[in-house]
file final28.tsv (TSV, C-alpha atoms)
chain	number	residue	atom	x	y	z
A	925	MET	CA	90.43	121.85	96.16
A	926	PRO	CA	90.68	120.94	92.45
A	927	GLU	CA	87.51	121.50	90.44
A	928	GLY	CA	85.59	118.62	88.89
A	929	PHE	CA	85.96	116.23	91.82
A	930	LEU	CA	82.97	113.93	92.29
A	931	ILE	CA	82.52	114.18	96.04
A	932	ASP	CA	79.29	112.93	97.60
A	933	HIS	CA	77.76	115.87	99.47
A	934	SER	CA	74.28	114.36	99.71
A	935	LYS	CA	74.71	111.42	102.07
A	936	PRO	CA	74.97	112.08	105.83
A	937	LEU	CA	78.46	111.23	107.08
A	938	ASN	CA	77.56	110.05	110.58
A	939	GLY	CA	77.78	106.27	110.71
A	940	THR	CA	79.81	105.82	107.50
A	941	MET	CA	82.87	104.63	109.43
A	942	ALA	CA	83.10	100.83	109.33
A	943	ALA	CA	83.38	99.52	112.89
A	944	TYR	CA	86.72	98.02	113.89
A	945	ALA	CA	88.50	96.86	117.03
A	946	GLU	CA	92.05	97.80	116.09
A	947	GLN	CA	93.99	99.46	113.30
A	948	ILE	CA	97.46	98.27	112.42
A	949	LEU	CA	99.33	101.11	110.77
A	950	ILE	CA	102.40	99.81	108.93
A	951	CYS	CA	105.26	102.27	108.47
A	952	THR	CA	106.41	102.12	104.84
A	953	GLY	CA	108.01	105.53	104.29
A	954	LYS	CA	106.04	105.79	101.03
A	955	ASP	CA	103.22	108.12	100.01
A	956	ASP	CA	101.30	105.67	97.82
A	957	TRP	CA	100.79	101.96	97.22
A	958	PRO	CA	99.09	99.53	94.82
A	959	SER	CA	95.30	99.37	95.00
A	960	ARG	CA	95.59	96.22	97.14
A	961	ILE	CA	98.41	96.91	99.56
A	962	GLU	CA	99.06	93.21	100.15
A	963	GLU	CA	100.11	92.84	96.48
A	964	GLU	CA	103.07	95.20	96.76
A	965	ASN	CA	106.47	93.63	96.07
A	966	SER	CA	104.75	90.49	94.71
A	967	GLY	CA	103.11	89.87	98.08
A	968	ASP	CA	106.32	90.03	100.12
A	969	ASN	CA	105.23	92.69	102.62
A	970	LEU	CA	104.01	93.03	106.19
A	971	ALA	CA	100.41	93.83	105.24
A	972	ALA	CA	100.16	90.55	103.32
A	973	ASP	CA	101.62	88.61	106.25
A	974	ILE	CA	99.19	90.12	108.74
A	975	LYS	CA	96.19	89.62	106.45
A	976	GLU	CA	97.22	85.98	105.98
A	977	LEU	CA	96.73	85.51	109.74
A	978	LEU	CA	93.66	87.70	110.25
A	979	GLY	CA	91.84	87.49	106.93
A	980	ARG	CA	89.08	85.09	105.99
A	981	GLY	CA	90.31	81.55	106.61
A	982	GLY	CA	93.36	82.78	108.52
A	983	THR	CA	94.60	81.23	111.75
A	984	TYR	CA	93.22	84.11	113.83
A	985	SER	CA	90.22	85.07	111.69
A	986	ASP	CA	87.39	86.39	113.89
A	987	PRO	CA	84.32	88.08	112.37
A	988	TYR	CA	83.55	89.68	115.73
A	989	HIS	CA	86.96	91.34	116.02
A	990	ASN	CA	87.55	93.39	112.88
A	991	VAL	CA	91.15	94.51	112.41
A	992	SER	CA	91.97	97.19	109.84
A	993	VAL	CA	95.40	96.77	108.25
A	994	LEU	CA	96.74	99.96	106.66
A	995	ASN	CA	99.95	101.24	105.14
A	996	SER	CA	101.24	104.66	106.16
A	997	SER	CA	103.79	107.18	104.97
A	998	PHE	CA	105.57	107.24	108.34
A	999	PRO	CA	109.08	105.74	108.08
A	1000	SER	CA	110.05	102.61	109.96
A	1001	SER	CA	112.56	102.90	112.76
A	1002	VAL	CA	116.06	101.55	112.22
A	1003	HIS	CA	117.54	99.48	115.03
A	1004	PRO	CA	120.51	101.43	116.46
A	1005	ARG	CA	122.75	98.39	116.81
A	1006	ARG	CA	121.44	95.90	114.22
A	1007	HIS	CA	121.42	97.76	110.92
A	1008	GLU	CA	121.90	94.52	109.00
A	1009	VAL	CA	118.49	93.15	110.10
A	1010	GLN	CA	115.56	94.28	107.98
A	1011	THR	CA	112.74	95.45	110.24
A	1012	SER	CA	109.37	97.15	109.93
A	1013	SER	CA	107.51	99.32	112.43
A	1014	ALA	CA	103.80	99.57	113.19
A	1015	TYR	CA	101.38	101.73	115.15
A	1016	LEU	CA	98.33	100.21	116.86
A	1017	PHE	CA	95.20	102.31	117.36
A	1018	PRO	CA	93.19	102.80	119.52
A	1019	SER	CA	95.68	100.87	121.69
A	1020	PHE	CA	98.08	103.80	121.16
A	1021	LYS	CA	101.12	101.54	120.86
A	1022	TYR	CA	104.17	101.77	118.62
A	1023	VAL	CA	106.10	98.58	117.85
A	1024	PRO	CA	109.43	99.90	116.53
A	1025	TYR	CA	111.18	96.74	115.38
A	1026	LEU	CA	109.43	93.82	113.67
A	1027	PRO	CA	112.16	91.60	112.16
A	1028	ARG	CA	111.28	90.66	108.58
A	1029	VAL	CA	113.40	87.51	108.68
A	1030	SER	CA	110.74	85.18	110.09
A	1031	PHE	CA	106.97	84.84	110.26
A	1032	GLU	CA	107.15	84.39	114.04
A	1033	SER	CA	107.48	88.14	114.62
A	1034	VAL	CA	104.22	88.72	112.73
A	1035	GLN	CA	102.49	86.06	114.80
A	1036	ALA	CA	103.90	87.65	117.97
A	1037	LEU	CA	102.51	91.04	116.97
A	1038	VAL	CA	99.04	89.66	116.25
A	1039	LYS	CA	98.85	87.25	119.18
A	1040	GLY	CA	100.49	89.57	121.71
A	1041	TYR	CA	98.89	92.92	120.80
A	1042	VAL	CA	96.02	92.63	118.33
A	1043	LEU	CA	93.74	89.73	119.24
A	1044	PRO	CA	90.93	90.39	121.76
A	1045	SER	CA	91.55	89.84	125.46
A	1046	LYS	CA	87.99	88.47	125.71
A	1047	LEU	CA	86.03	86.68	122.99
A	1048	HIS	CA	82.55	87.55	121.75
A	1049	PRO	CA	79.81	85.38	123.36
A	1050	ALA	CA	79.11	83.88	119.92
A	1051	HIS	CA	82.34	81.92	120.35
A	1052	ASN	CA	81.11	80.11	123.49
A	1053	ALA	CA	80.35	76.99	121.45
A	1054	LEU	CA	83.94	76.68	120.22
A	1055	SER	CA	86.32	74.13	121.70
A	1056	PRO	CA	88.71	75.34	124.42
A	1057	VAL	CA	91.64	74.90	122.01
A	1058	HIS	CA	89.98	77.03	119.34
A	1059	ARG	CA	88.99	79.70	121.87
A	1060	ASP	CA	92.53	79.84	123.24
A	1061	ARG	CA	93.90	80.35	119.73
A	1062	LEU	CA	91.68	83.40	119.14
A	1063	VAL	CA	92.47	85.24	122.36
A	1064	ARG	CA	95.39	87.54	123.16
A	1065	ASN	CA	98.41	86.11	124.97
A	1066	MET	CA	100.66	88.76	126.53
A	1067	GLU	CA	103.61	86.36	126.71
A	1068	TYR	CA	104.05	86.72	122.95
A	1069	ARG	CA	105.14	90.33	123.50
A	1070	GLU	CA	108.38	89.03	124.95
A	1071	LEU	CA	109.32	87.76	121.50
A	1072	LEU	CA	109.52	91.35	120.20
A	1073	PRO	CA	111.49	94.44	121.25
A	1074	PRO	CA	109.42	96.52	123.73
A	1075	ALA	CA	106.54	98.57	122.35
A	1076	GLU	CA	106.15	102.26	123.22
A	1077	ASP	CA	103.07	104.19	124.26
A	1078	VAL	CA	102.03	106.74	121.64
A	1079	GLN	CA	101.77	110.00	123.54
A	1080	ASP	CA	101.49	112.38	120.59
A	1081	ILE	CA	98.50	113.41	118.49
A	1082	MET	CA	98.34	111.48	115.22
A	1083	VAL	CA	96.56	112.90	112.17
A	1084	LEU	CA	96.04	110.27	109.47
A	1085	ILE	CA	94.86	111.27	105.98
A	1086	CYS	CA	93.83	108.88	103.24
A	1087	GLY	CA	96.18	109.55	100.31
A	1088	HIS	CA	95.81	106.24	98.50
A	1089	GLY	CA	96.05	107.43	94.91
A	1090	GLY	CA	96.73	103.88	93.72
A	1091	ARG	CA	93.18	103.09	94.82
A	1092	ASP	CA	91.32	106.31	94.00
A	1093	ILE	CA	92.61	109.56	92.51
A	1094	ARG	CA	90.38	111.69	94.76
A	1095	CYS	CA	92.31	110.67	97.86
A	1096	GLY	CA	95.56	110.62	95.92
A	1097	ILE	CA	95.18	114.35	95.19
A	1098	THR	CA	93.49	115.57	98.37
A	1099	GLY	CA	95.72	113.60	100.78
A	1100	PRO	CA	99.04	115.41	100.20
A	1101	ILE	CA	97.27	118.79	100.09
A	1102	LEU	CA	95.64	118.17	103.47
A	1103	ARG	CA	98.86	116.80	104.97
A	1104	ALA	CA	100.67	120.02	104.10
A	1105	GLU	CA	97.81	122.13	105.49
A	1106	PHE	CA	97.63	120.21	108.78
A	1107	ARG	CA	101.39	120.47	109.25
A	1108	LYS	CA	101.31	124.24	108.68
A	1109	SER	CA	98.34	124.72	110.99
A	1110	LEU	CA	99.87	122.69	113.81
A	1111	GLU	CA	103.24	124.42	113.45
A	1112	ARG	CA	101.59	127.84	113.62
A	1113	ILE	CA	100.18	127.09	117.10
A	1114	GLY	CA	103.45	125.65	118.41
A	1115	ILE	CA	102.70	121.93	118.25
A	1116	GLY	CA	105.91	120.07	117.53
A	1117	LYS	CA	106.67	117.22	115.15
A	1118	HIS	CA	106.08	113.65	116.32
A	1119	GLN	CA	109.00	111.31	116.81
A	1120	PRO	CA	108.91	107.88	118.46
A	1121	LEU	CA	110.22	108.07	122.02
A	1122	HIS	CA	113.30	105.95	121.38
A	1123	GLU	CA	114.39	108.46	118.73
A	1124	THR	CA	114.24	111.41	121.14
A	1125	ARG	CA	116.43	110.03	123.92
A	1126	HIS	CA	120.04	109.04	124.43
A	1127	GLU	CA	120.90	105.39	124.92
A	1128	GLY	CA	120.29	104.34	128.51
A	1129	GLU	CA	117.60	106.94	129.21
A	1130	ALA	CA	114.14	105.76	130.22
A	1131	LEU	CA	111.27	105.91	127.75
A	1132	ASP	CA	109.53	108.81	129.48
A	1133	ASN	CA	108.30	111.93	127.72
A	1134	LYS	CA	106.33	113.54	130.54
A	1135	ASP	CA	108.28	116.77	130.10
A	1136	GLN	CA	108.02	116.76	126.31
A	1137	LYS	CA	105.94	119.47	124.68
A	1138	LEU	CA	102.82	118.66	122.72
A	1139	ALA	CA	103.62	117.12	119.35
A	1140	ALA	CA	101.73	115.65	116.42
A	1141	GLY	CA	102.41	113.25	113.59
A	1142	VAL	CA	100.72	113.94	110.25
A	1143	GLY	CA	100.87	111.21	107.62
A	1144	LEU	CA	99.15	109.58	104.68
A	1145	ILE	CA	97.44	106.20	104.95
A	1146	SER	CA	95.95	103.66	102.57
A	1147	HIS	CA	92.28	102.94	101.87
A	1148	ILE	CA	89.88	103.26	104.83
A	1149	GLY	CA	86.63	103.25	102.83
A	1150	GLY	CA	84.60	106.16	101.54
A	1151	HIS	CA	86.70	107.67	98.76
A	1152	LYS	CA	83.56	109.49	97.67
A	1153	PHE	CA	83.85	111.45	100.94
A	1154	ALA	CA	87.42	112.66	100.29
A	1155	GLY	CA	89.30	114.10	102.06
A	1156	ASN	CA	89.13	111.49	104.78
A	1157	VAL	CA	90.93	112.22	108.05
A	1158	ILE	CA	91.36	110.33	111.33
A	1159	VAL	CA	92.57	112.24	114.39
A	1160	TYR	CA	93.90	110.04	117.22
A	1161	LEU	CA	94.20	111.87	120.54
A	1162	PRO	CA	96.45	110.13	123.11
A	1163	PRO	CA	94.93	108.90	126.40
A	1164	HIS	CA	96.74	111.35	128.69
A	1165	LEU	CA	96.16	114.47	126.58
A	1166	LYS	CA	95.24	117.62	128.52
A	1167	LEU	CA	93.55	120.86	127.56
A	1168	LYS	CA	95.51	124.10	127.75
A	1169	GLY	CA	94.28	124.72	131.30
A	1170	GLY	CA	95.39	121.28	132.48
A	1171	GLU	CA	91.95	119.65	132.50
A	1172	PRO	CA	91.55	116.19	130.94
A	1173	HIS	CA	90.92	116.39	127.20
A	1174	PRO	CA	87.29	115.28	126.49
A	1175	LEU	CA	88.43	113.19	123.50
A	1176	ALA	CA	91.60	111.73	125.04
A	1177	GLY	CA	92.06	108.13	123.97
A	1178	CYS	CA	89.73	108.50	120.97
A	1179	GLY	CA	90.05	108.33	117.22
A	1180	ILE	CA	87.75	110.78	115.41
A	1181	TRP	CA	86.94	110.24	111.74
A	1182	TYR	CA	86.09	113.13	109.43
A	1183	GLY	CA	84.99	113.19	105.79
A	1184	ARG	CA	84.66	115.82	103.06
A	1185	VAL	CA	87.58	117.69	104.64
A	1186	GLU	CA	88.97	120.54	102.56
A	1187	PRO	CA	92.00	122.74	103.29
A	1188	ARG	CA	89.68	125.52	104.50
A	1189	HIS	CA	88.42	123.18	107.25
A	1190	VAL	CA	91.82	122.25	108.69
A	1191	GLU	CA	92.28	125.20	111.04
A	1192	GLY	CA	88.80	124.64	112.44
A	1193	ILE	CA	89.44	120.93	113.05
A	1194	VAL	CA	92.71	121.71	114.82
A	1195	LYS	CA	91.04	124.33	117.02
A	1196	ALA	CA	87.86	122.39	117.81
A	1197	THR	CA	89.03	118.78	118.05
A	1198	ILE	CA	92.68	119.00	119.05
A	1199	LEU	CA	92.68	122.13	121.22
A	1200	GLU	CA	89.13	122.12	122.61
A	1201	GLY	CA	88.08	118.46	122.53
A	1202	LYS	CA	84.98	119.02	120.41
A	1203	VAL	CA	83.64	117.00	117.49
A	1204	VAL	CA	82.89	118.85	114.24
A	1205	GLU	CA	79.48	117.24	113.71
A	1206	ASP	CA	78.84	118.04	110.05
A	1207	MET	CA	82.06	116.20	109.02
A	1208	PHE	CA	81.91	113.39	111.60
A	1209	ARG	CA	81.95	109.87	110.12
A	1210	GLY	CA	82.35	108.01	113.41
A	1211	GLY	CA	84.90	107.35	116.10
A	1212	ILE	CA	86.43	104.84	118.46
A	1213	ARG	CA	87.55	105.02	122.06
A	1214	GLN	CA	90.50	103.18	123.58
A	1215	GLY	CA	89.09	99.80	124.52
A	1216	GLY	CA	87.04	99.50	121.34
A	1217	GLU	CA	83.84	101.46	122.04
A	1218	ILE	CA	82.41	102.80	118.76
A	1219	LEU	CA	81.37	106.45	118.88
A	1220	ARG	CA	78.31	107.78	117.07
A	1221	ILE	CA	76.37	111.03	117.34

call {"tool": "encode", "arguments": {"input": "final28.tsv", "output": "structure tokens"}}
result
Amino acid sequence: MPEGFLIDHSKPLNGTMAAYAEQILICTGKDDWPSRIEEENSGDNLAADIKELLGRGGTYSDPYHNVSVLNSSFPSSVHPRRHEVQTSSAYLFPSFKYVPYLPRVSFESVQALVKGYVLPSKLHPAHNALSPVHRDRLVRNMEYRELLPPAEDVQDIMVLICGHGGRDIRCGITGPILRAEFRKSLERIGIGKHQPLHETRHEGEALDNKDQKLAAGVGLISHIGGHKFAGNVIVYLPPHLKLKGGEPHPLAGCGIWYGRVEPRHVEGIVKATILEGKVVEDMFRGGIRQGGEILRI
């Protein structure tokens, strides 16, 4: 790593992950963004639209259901038959969903994403005093999913690295270095490159990758908190992941956060966390399990 970086090596990392219920990972195809991602393109962007609904004072604002909205370097999918319609794509973790086509021509698609996939299926007891109308507005409604093209299950490993140089130079420098190192390390052990399911099949084939070999996506993401702990890495392990011997992976369905990651640590993280299902405790910031359970050591 470059010399002269002010990285905090004194504070314990465990517990430094801010708790959240869901992460929305917007596919921008870019490696960096303004410090406040919602200000890109004069506020005309998907992050701004989502934050308008979920942020303080928004229609679906809920202090007991924290949603993290991030940009990512993964490219958006292009609709095979409607190239003229501008769309965005988004990953949802730890729901392990990929929404390939969000039309950017109306706000209704953003509302459908939030209402159909992101809001809680059950409200916190603190909301019991709210009116039935208000409670109904804050809870998930699966019928809204019908307003969007079908979502896909994410069945590949996803390695997300903070590379938000527009926010802090430490992540802006370490992020691309770690992305290259993770890609090399995963390639060396035969793990393929992630592609959304609809991009790996011919038209008319079912969305089923049960015979597909293990693959991983490695990308940069925007600010997740804790720049002083750069490099910051999140490893999402899909729910049906197996160990080499066929046993269930101990961390399947989890997102594991690491801090103070350097290139020399990458091979060890791949071996311990991805291949063996173990947490590297001295770099562990926190974690989340599918369903929203927060993991601490």

call {"tool": "closest_residue", "arguments": {"input": "final28.tsv", "among": "A:Gly1155, A:Gly981, A:Pro1018, A:Gly1150", "to": "Met941 in chain A", "atoms": "all atoms listed in the file"}}
result
A:Gly1150

call {"tool": "closest_residue", "arguments": {"input": "final28.tsv", "among": "A:Val1009, A:Ile1115, A:Leu1102, A:Cys1095", "to": "His1151 in chain A", "atoms": "only C-alpha atoms"}}
result
A:Cys1095

call {"tool": "closest_residue", "arguments": {"input": "final28.tsv", "among": "A:Lys1137, A:Leu1110, A:Ala1176, A:Asp1080", "to": "Lys1195 in chain A", "atoms": "all atoms listed in the file"}}
result
A:Leu1110

call {"tool": "closest_residue", "arguments": {"input": "final28.tsv", "among": "A:Tyr1041, A:Phe1106, A:Tyr984, A:Trp1181", "to": "Pro1074 in chain A", "atoms": "all atoms listed in the file"}}
result
A:Tyr1041

call {"tool": "residues_around", "arguments": {"input": "final28.tsv", "residues": "Asp1077 in chain A", "least_positions_apart": "2", "cutoff": "7 Å", "atoms": "only C-alpha atoms", "output": "ChimeraX atom specification"}}
result
/A:1020-1022,1075,1079

call {"tool": "closest_residue", "arguments": {"input": "final28.tsv", "among": "A:Ser997, A:Ser1030, A:Asp986, A:Glu1111", "to": "Leu1084 in chain A", "atoms": "all atoms listed in the file"}}
result
A:Ser997

call {"tool": "atom_distance", "arguments": {"input": "final28.tsv", "atom1": "CA of Arg1209 in chain A", "atom2": "CA of Phe998 in chain A"}}
result
23.8 Å

call {"tool": "residues_around", "arguments": {"input": "final28.tsv", "residues": "range 1197-1207 of chain A", "least_positions_apart": "2", "cutoff": "6 Å", "atoms": "all atoms listed in the file", "output": "ChimeraX atom specification"}}
result
/A:1173-1175,1182-1183,1193-1195

call {"tool": "closest_residue", "arguments": {"input": "final28.tsv", "among": "A:Gly1141, A:Pro1187, A:Gly1215, A:Gly1114", "to": "Ile1081 in chain A", "atoms": "only C-alpha atoms"}}
result
A:Gly1141

call {"tool": "closest_atom_pairs", "arguments": {"input": "final28.tsv", "of": "range 1052-1140 of chain A", "to": "range 988-992 of chain A", "cutoff": "12 Å", "atoms": "all atoms listed in the file", "output": "CSV"}}
result
residue,atom,partner,partner_atom,distance
A:Leu1062,CA,A:His989,CA,9.7
A:Val1063,CA,A:His989,CA,10.4
A:Arg1064,CA,A:His989,CA,11.7
